[in-house]
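As provided, final.cif (mmCIF, C-alpha atoms) reads as follows.
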data_data
#
loop_
_atom_site.label_atom_id
_atom_site.label_comp_id
_atom_site.auth_asym_id
_atom_site.auth_seq_id
_atom_site.Cartn_x
_atom_site.Cartn_y
_atom_site.Cartn_z
CA MET A 547 -25.46 13.06 -27.62
CA ASP A 548 -22.52 15.37 -26.92
CA LEU A 549 -22.39 15.83 -23.14
CA ASN A 550 -20.46 19.07 -23.54
CA ALA A 551 -23.24 20.47 -25.71
CA LEU A 552 -25.85 19.28 -23.21
CA THR A 553 -23.87 20.94 -20.39
CA ASP A 554 -23.79 24.21 -22.31
CA PHE A 555 -27.55 23.97 -22.94
CA HIS A 556 -28.13 23.69 -19.20
CA LEU A 557 -25.80 26.65 -18.64
CA ILE A 558 -27.56 28.82 -21.23
CA ALA A 559 -30.97 27.97 -19.81
CA ALA A 560 -29.89 28.64 -16.22
CA SER A 561 -28.14 31.90 -17.15
CA GLY A 562 -31.04 33.25 -19.22
CA GLY A 563 -28.96 34.05 -22.28
CA PHE A 564 -25.75 33.60 -24.22
CA GLY A 565 -24.07 36.66 -22.74
CA ALA A 566 -24.50 35.61 -19.12
CA ALA A 567 -23.55 32.01 -19.96
CA SER A 568 -20.43 33.26 -21.73
CA ARG A 569 -19.38 35.31 -18.71
CA ALA A 570 -20.04 32.39 -16.35
CA SER A 571 -18.16 29.82 -18.41
CA GLY A 572 -15.42 31.86 -20.06
CA ARG A 573 -16.45 30.52 -23.47
CA SER A 574 -17.46 32.79 -26.32
CA LYS A 575 -21.09 33.37 -27.28
CA ALA A 576 -20.30 32.00 -30.72
CA THR A 577 -19.02 28.73 -29.24
CA LEU A 578 -22.07 28.38 -27.01
CA SER A 579 -24.41 29.12 -29.90
CA ARG A 580 -22.70 26.56 -32.09
CA ARG A 581 -22.85 23.91 -29.35
CA LEU A 582 -26.57 24.55 -28.90
CA ALA A 583 -27.18 24.35 -32.62
CA ASP A 584 -25.29 21.06 -32.84
CA LEU A 585 -27.39 19.63 -29.99
CA GLU A 586 -30.63 20.73 -31.64
CA GLU A 587 -29.54 19.19 -34.93
CA THR A 588 -28.65 15.92 -33.18
CA LEU A 589 -32.04 15.76 -31.46
CA GLY A 590 -34.01 17.10 -34.42
CA VAL A 591 -35.93 19.61 -32.31
CA ARG A 592 -35.73 23.27 -31.37
CA LEU A 593 -34.68 23.72 -27.74
CA ILE A 594 -34.51 27.51 -27.45
CA GLU A 595 -36.26 30.24 -29.43
CA ARG A 596 -33.85 33.11 -29.99
CA GLY A 597 -35.60 36.45 -29.58
CA ASN A 598 -34.26 39.96 -29.79
CA ARG A 599 -34.32 40.56 -26.06
CA ARG A 600 -34.48 37.18 -24.37
CA LEU A 601 -34.47 33.46 -24.99
CA GLU A 602 -37.54 31.30 -24.71
CA ILE A 603 -37.12 27.63 -23.84
CA THR A 604 -39.38 25.44 -25.96
CA GLU A 605 -41.52 22.63 -24.61
CA ALA A 606 -38.96 20.15 -25.94
CA GLY A 607 -36.22 22.15 -24.21
CA LYS A 608 -38.11 22.14 -20.90
CA LEU A 609 -38.63 18.40 -21.18
CA LEU A 610 -34.94 17.81 -21.88
CA LEU A 611 -33.92 20.00 -18.93
CA ALA A 612 -36.29 18.22 -16.58
CA ARG A 613 -35.24 14.73 -17.64
CA THR A 614 -31.48 15.38 -17.67
CA ALA A 615 -31.01 17.71 -14.68
CA GLY A 616 -30.48 14.87 -12.19
CA ALA A 617 -28.16 12.94 -14.49
CA MET A 618 -26.05 16.02 -15.24
CA ARG A 619 -25.77 16.76 -11.53
CA GLU A 620 -24.63 13.18 -10.85
CA ILE A 621 -22.08 13.37 -13.66
CA SER A 622 -20.73 16.64 -12.26
CA GLU A 623 -20.46 15.13 -8.78
CA ALA A 624 -18.73 12.04 -10.19
CA VAL A 625 -16.15 14.21 -11.98
CA VAL A 626 -15.41 16.12 -8.76
CA MET A 627 -15.09 12.89 -6.77
CA THR A 628 -12.80 11.42 -9.43
CA GLN A 629 -10.60 14.51 -9.40
CA GLU A 630 -10.45 14.50 -5.60
CA GLY A 631 -9.66 10.79 -5.65
CA ALA A 632 -6.75 11.47 -7.98
CA THR A 633 -5.09 13.67 -5.36
CA ARG A 634 -6.40 12.42 -2.02
CA PRO A 635 -5.72 8.93 -0.59
CA ARG A 636 -8.97 7.00 -0.55
CA GLY A 637 -10.43 3.59 -1.34
CA CYS A 638 -9.28 0.08 -0.45
CA LEU A 639 -5.55 -0.54 0.01
CA ARG A 640 -4.68 -4.24 -0.33
CA ILE A 641 -1.45 -5.27 1.39
CA ALA A 642 0.46 -8.56 1.13
CA ALA A 643 2.78 -9.05 4.09
CA PRO A 644 4.84 -11.80 5.76
CA LEU A 645 3.24 -13.54 8.70
CA LEU A 646 5.67 -12.29 11.36
CA PHE A 647 5.51 -8.66 10.22
CA SER A 648 1.73 -8.89 10.20
CA GLN A 649 1.67 -10.35 13.71
CA VAL A 650 4.04 -7.91 15.40
CA ALA A 651 3.70 -4.63 13.49
CA LEU A 652 1.11 -4.31 10.73
CA GLY A 653 -1.94 -3.92 12.95
CA GLN A 654 -0.57 -0.88 14.79
CA LEU A 655 0.86 0.59 11.59
CA THR A 656 -2.42 0.45 9.72
CA ALA A 657 -4.30 1.93 12.67
CA ARG A 658 -1.94 4.92 12.70
CA PHE A 659 -2.13 5.17 8.90
CA ARG A 660 -5.94 5.33 8.97
CA THR A 661 -5.82 8.04 11.63
CA ARG A 662 -3.97 10.16 9.08
CA TYR A 663 -5.95 8.95 6.05
CA PRO A 664 -9.45 8.00 7.23
CA ASP A 665 -10.79 7.57 3.67
CA VAL A 666 -8.52 4.55 3.10
CA ARG A 667 -9.76 1.09 4.03
CA ILE A 668 -7.08 -1.56 4.72
CA GLU A 669 -7.28 -5.16 3.55
CA SER A 670 -4.23 -7.24 4.49
CA VAL A 671 -3.27 -10.83 3.68
CA ALA A 672 -0.55 -12.43 5.84
CA GLU A 673 1.35 -15.20 4.03
CA ASP A 674 5.00 -16.20 3.75
CA ARG A 675 5.06 -16.39 -0.03
CA LEU A 676 5.70 -14.12 -2.98
CA SER A 677 2.30 -12.83 -4.02
CA ASN A 678 1.66 -11.67 -7.58
CA LEU A 679 0.59 -8.08 -7.07
CA VAL A 680 -1.10 -7.71 -10.45
CA GLU A 681 -2.93 -11.04 -10.67
CA GLU A 682 -3.99 -10.99 -7.01
CA HIS A 683 -4.90 -7.28 -7.02
CA PHE A 684 -2.52 -6.17 -4.27
CA ASP A 685 -1.54 -2.50 -4.11
CA VAL A 686 1.64 -3.02 -2.07
CA ALA A 687 3.68 -5.88 -0.65
CA ILE A 688 5.98 -6.03 2.36
CA ARG A 689 8.88 -8.35 1.61
CA ILE A 690 12.03 -9.48 3.39
CA ASN A 691 15.25 -9.42 1.35
CA PRO A 692 13.25 -9.42 -1.92
CA PRO A 693 14.94 -10.78 -5.05
CA PRO A 694 15.33 -8.34 -7.95
CA ASP A 695 12.05 -7.94 -9.85
CA SER A 696 11.86 -5.68 -12.88
CA ALA A 697 8.07 -5.43 -12.49
CA LEU A 698 8.24 -3.97 -8.97
CA VAL A 699 9.70 -0.84 -7.43
CA GLY A 700 9.86 0.29 -3.84
CA ARG A 701 11.97 1.27 -0.86
CA CYS A 702 13.80 -0.43 1.95
CA PHE A 703 12.10 1.02 5.03
CA ALA A 704 13.87 -0.87 7.83
CA ARG A 705 16.58 -3.39 8.65
CA ASP A 706 16.79 -6.13 11.24
CA LYS A 707 19.64 -8.21 12.64
CA LEU A 708 19.65 -11.95 13.08
CA MET A 709 20.98 -13.11 16.45
CA LEU A 710 21.81 -16.55 17.81
CA VAL A 711 20.04 -16.70 21.16
CA ALA A 712 19.37 -19.25 23.89
CA ALA A 713 17.93 -19.37 27.40
CA PRO A 714 20.35 -18.54 30.24
CA GLY A 715 20.45 -22.15 31.45
CA PHE A 716 21.28 -23.53 28.01
CA GLU A 717 25.02 -24.14 27.72
CA MET A 718 26.90 -22.61 24.83
CA PRO A 719 29.38 -25.03 23.22
CA LEU A 720 33.05 -24.25 23.75
CA SER A 721 35.32 -23.34 20.88
CA ASP A 722 37.05 -26.29 19.24
CA GLY A 723 40.05 -24.98 17.37
CA GLY A 724 37.98 -22.74 15.11
CA ARG A 725 35.89 -25.61 13.74
CA PRO A 726 32.08 -25.22 13.50
CA LEU A 727 30.46 -26.31 16.74
CA PRO A 728 27.31 -28.48 16.87
CA VAL A 729 24.47 -27.03 18.89
CA ALA A 730 20.94 -28.23 19.65
CA ALA A 731 18.73 -25.87 17.68
CA VAL A 732 15.13 -24.91 17.09
CA VAL A 733 14.70 -24.23 13.38
CA MET A 734 12.24 -23.14 10.70
CA PRO A 735 11.11 -25.31 7.75
CA THR A 736 13.61 -23.44 5.56
CA HIS A 737 16.47 -25.10 7.43
CA ARG A 738 18.72 -27.31 5.27
CA GLU A 739 20.85 -30.21 6.42
CA GLY A 740 24.49 -29.21 6.71
CA GLU A 741 23.65 -25.54 7.15
CA ILE A 742 26.20 -23.50 9.10
CA TRP A 743 25.42 -20.38 11.13
CA SER A 744 28.26 -17.87 10.85
CA LEU A 745 28.55 -15.35 13.67
CA ASP A 746 30.39 -12.11 14.34
CA ASN A 747 31.83 -11.66 10.84
CA GLY A 748 32.91 -15.29 10.60
CA ARG A 749 34.91 -15.40 13.80
CA ARG A 750 32.68 -18.19 15.08
CA CYS A 751 30.48 -20.79 13.37
CA VAL A 752 27.97 -23.30 14.68
CA VAL A 753 26.26 -26.26 13.06
CA PRO A 754 22.59 -26.41 14.12
CA GLN A 755 21.37 -29.84 15.17
CA PRO A 756 17.56 -29.56 14.92
CA VAL A 757 15.65 -30.73 17.97
CA ALA A 758 12.39 -28.97 17.03
CA GLN A 759 10.93 -27.25 14.00
CA PHE A 760 8.19 -24.62 13.79
CA SER A 761 6.69 -22.62 10.93
CA SER A 762 6.28 -19.57 13.18
CA LEU A 763 9.21 -17.46 14.39
CA LEU A 764 7.23 -16.56 17.49
CA ALA A 765 6.85 -20.28 18.29
CA VAL A 766 10.60 -20.73 17.77
CA ARG A 767 11.25 -17.85 20.15
CA ASP A 768 8.95 -19.31 22.81
CA ALA A 769 10.57 -22.74 22.55
CA VAL A 770 14.05 -21.25 22.86
CA THR A 771 13.00 -19.14 25.84
CA ALA A 772 11.73 -22.32 27.51
CA GLY A 773 15.15 -23.95 27.04
CA ALA A 774 14.55 -26.20 24.00
CA GLY A 775 17.74 -25.09 22.24
CA ALA A 776 19.38 -22.19 20.46
CA ALA A 777 17.93 -20.38 17.45
CA MET A 778 18.76 -17.69 14.94
CA LEU A 779 16.08 -15.05 15.41
CA PRO A 780 15.43 -11.42 14.39
CA GLN A 781 16.61 -8.95 16.97
CA SER A 782 13.27 -7.18 16.76
CA ILE A 783 11.38 -10.03 18.44
CA VAL A 784 13.99 -10.93 21.07
CA SER A 785 15.32 -7.52 22.16
CA ASN A 786 12.86 -7.23 25.08
CA LEU A 787 13.71 -10.74 26.29
CA LEU A 788 17.42 -9.98 26.02
CA GLU A 789 16.97 -6.85 28.13
CA LYS A 790 15.03 -8.82 30.75
CA GLY A 791 17.61 -11.60 30.83
CA ALA A 792 15.15 -14.23 29.63
CA LEU A 793 17.43 -14.87 26.65
CA ILE A 794 21.17 -14.56 26.11
CA ALA A 795 22.75 -13.52 22.80
CA TRP A 796 25.54 -15.80 21.57
CA GLY A 797 26.37 -13.62 18.59
CA GLU A 798 25.10 -11.83 15.50
CA ALA A 799 24.72 -13.29 12.03
CA ASN A 800 26.81 -11.81 9.24
CA GLU A 801 23.80 -10.84 7.10
CA THR A 802 21.37 -8.02 7.74
CA THR A 803 17.70 -8.53 6.97
CA GLU A 804 16.08 -5.80 4.88
CA LEU A 805 12.35 -5.02 4.87
CA TRP A 806 10.99 -3.50 1.67
CA VAL A 807 7.65 -2.01 0.66
CA LEU A 808 7.02 -2.75 -3.02
CA HIS A 809 4.46 -1.74 -5.62
CA THR A 810 4.04 -2.17 -9.35
CA SER A 811 5.12 1.14 -10.88
CA ARG A 812 6.31 4.67 -10.19
CA ARG A 813 4.25 6.00 -13.11
CA LEU A 814 0.73 7.15 -12.22
CA GLN A 815 1.13 5.83 -8.70
CA SER A 816 -2.15 6.11 -6.83
CA PRO A 817 -2.31 8.53 -3.87
CA LYS A 818 -3.12 5.72 -1.41
CA VAL A 819 0.00 3.78 -2.47
CA SER A 820 2.37 6.75 -2.40
CA ALA A 821 0.93 7.81 0.96
CA PHE A 822 1.44 4.34 2.47
CA VAL A 823 5.02 4.07 1.15
CA ALA A 824 5.91 7.46 2.60
CA PHE A 825 4.13 6.65 5.86
CA ILE A 826 5.81 3.30 6.53
CA CYS A 827 9.23 4.77 5.81
CA GLU A 828 8.52 7.50 8.38
CA GLN A 829 7.79 4.92 11.07
CA TYR A 830 11.42 3.72 11.25
CA PRO A 831 13.52 6.90 11.16
CA GLY A 832 16.53 5.11 12.64
CA GLY A 833 16.39 2.50 9.90
CA TRP A 834 16.01 -0.47 12.28
CA PHE A 835 12.87 -2.53 12.64
CA THR A 836 11.37 -2.77 16.12
CA ALA A 837 8.39 -4.95 16.94
#
Output the file's structure as C-alpha cells, nothing else.
Amino acid sequence: MDLNALTDFHLIAASGGFGAASRASGRSKATLSRRLADLEETLGVRLIERGNRRLEITEAGKLLLARTAGAMREISEAVVMTQEGATRPRGCLRIAAPLLFSQVALGQLTARFRTRYPDVRIESVAEDRLSNLVEEHFDVAIRINPPPDSALVGRCFARDKLMLVAAPGFEMPLSDGGRPLPVAAVVMPTHREGEIWSLDNGRRCVVPQPVAQFSSLLAVRDAVTAGAGAAMLPQSIVSNLLEKGALIAWGEANETTELWVLHTSRRLQSPKVSAFVAFICEQYPGGWFTA
C-alpha cells in the first residue's frame, strides 16, 4: 500500500472534498483524485463515492479510516521526531576518554553539557587505550597526542605542559658538566630503561632511576608529594600544589601535550557530536588544559 496515497485519502476524508484537500495540501485536485484511484485499485474496493455536490465515504472507506487512523498518526509523529532529531542534539552520546581526563575533568564537563542539551544522555568509558570508534559504537573519543588516523577527524581543544616536579625536601641533583643527571623517580608503566628527560629546551637533562611505578598519574603525583622521588607530570594536575608550595618545579619538558576530541566523519555529523565538539572547545578558551 502506498502510504502517500493513504495519507491523501485521510486528508480528503477529513476535508470533505477534493477542493478543500487541495487547498490544505497545496496539491492539485487531479493529483489527489489519481492517488485515491490508485489506492482503491490496490485494495480492490471503492473508498469514496463521488457525487455532484459532496463525497460519501463507503463502508470500506470508513473501516479503513478507523483501522489506520492511529497508525497514520504514529507515523506522522515519528517523522516529526526524526526531523527534530536531525537538527537538535538528543539521544545517547558514547565517549571514550583517557583515565586521567575522566577523573579530573569529564564529570564536570558532561554535567555542564547536559545543562545546555538536556535531551542528550552521556555514556563514558575511561580507558588508556585506543578504542575503535566504529566497532565499539563510540560517538567521540578524547585522545592525547593522537597518531594520524585517516578514519578520524577532530580538533585539538587544549594543551598541557609536562613538568619535572618533586617535594620541597627532595634534593635536586647538581649539574655535572652538562651530562644527564640520575634522579630517583616515580614513573608510569610506559617508562623505558635508558629514557632521558630533557628539560627547558634541552638545557638540562636527567636520567630517571625508578624507585616506584604506578599506572595512575594521580598516584604518581601523591607519591611525589610525599617525597618518594621526582616525576614528570602534567601541569594541570600539579599547578595547585605548586602554588601552595607542596611541590617544586625543576623544569619543563620540551614537548607539549595536546588533547583532541575525535569522531569518525565530518559528513552527516550528528547534532549531538557536533554540539559536543563545539562545547568542549569552548571550555578551554585560553587553549590550556586545567583540571
### Query
At a cut-off of 10 Å from (2.8, -10.9, 9.9) in the coordinates of the file, what residues are picked up using only C-alpha atoms, written as a ChimeraX atom specification?
/A:642-653,670-674,688,762
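The result of the PyMOL selection byres ((chain A and resi 748-759) around 6) on the shown file is A:Pro726, A:Leu727, A:Pro728, A:Val729, A:Ala730, A:Ala731, A:Val732, A:Val733, A:Met734, A:Ile742, A:Trp743, A:Ser744, A:Leu745, A:Asp746, A:Asn747, A:Phe760.
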Who sits within 9 Å of Ser571 of chain A, only C-alpha atoms, same chain under 5 positions skipped, as a compact mmCIF listing (two decimals) with C-alpha atoms, in the frame of the given file:
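After the write, selection_23.txt holds the following:
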# COMPACT_ATOMS: atom_id res chain seq x y z
CA ASP A 554 -23.79 24.21 -22.31
CA LEU A 557 -25.80 26.65 -18.64
CA ALA A 566 -24.50 35.61 -19.12
### Shell around Asp584 of chain A at 10 Å using only C-alpha atoms, local window under 3 positions removed, as a PyMOL selection string
chain A and resi 547-548+551-552+578-581+587-590
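The protein and nucleic acid residues lying at most 7 Å from segment 714-717 of chain A are Gly773, Gly775, Ala792, Leu793 and Ile794 of chain A, with only C-alpha atoms considered and sequence neighbours fewer than 5 positions away removed.
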#### Entry: Ser820 of chain A environment, 12 Å, only C-alpha atoms, sequence neighbours closer than 2 positions dropped, as a PyMOL selection string
chain A and resi 632-636+639+685-686+699-701+807-818+822-827
### Task
Name the residues captured by the PyMOL selection byres ((chain A and resi 568) around 12) when it is applied to the shown file; answer as a PyMOL selection string.
chain A and resi 554-555+557-567+569-579
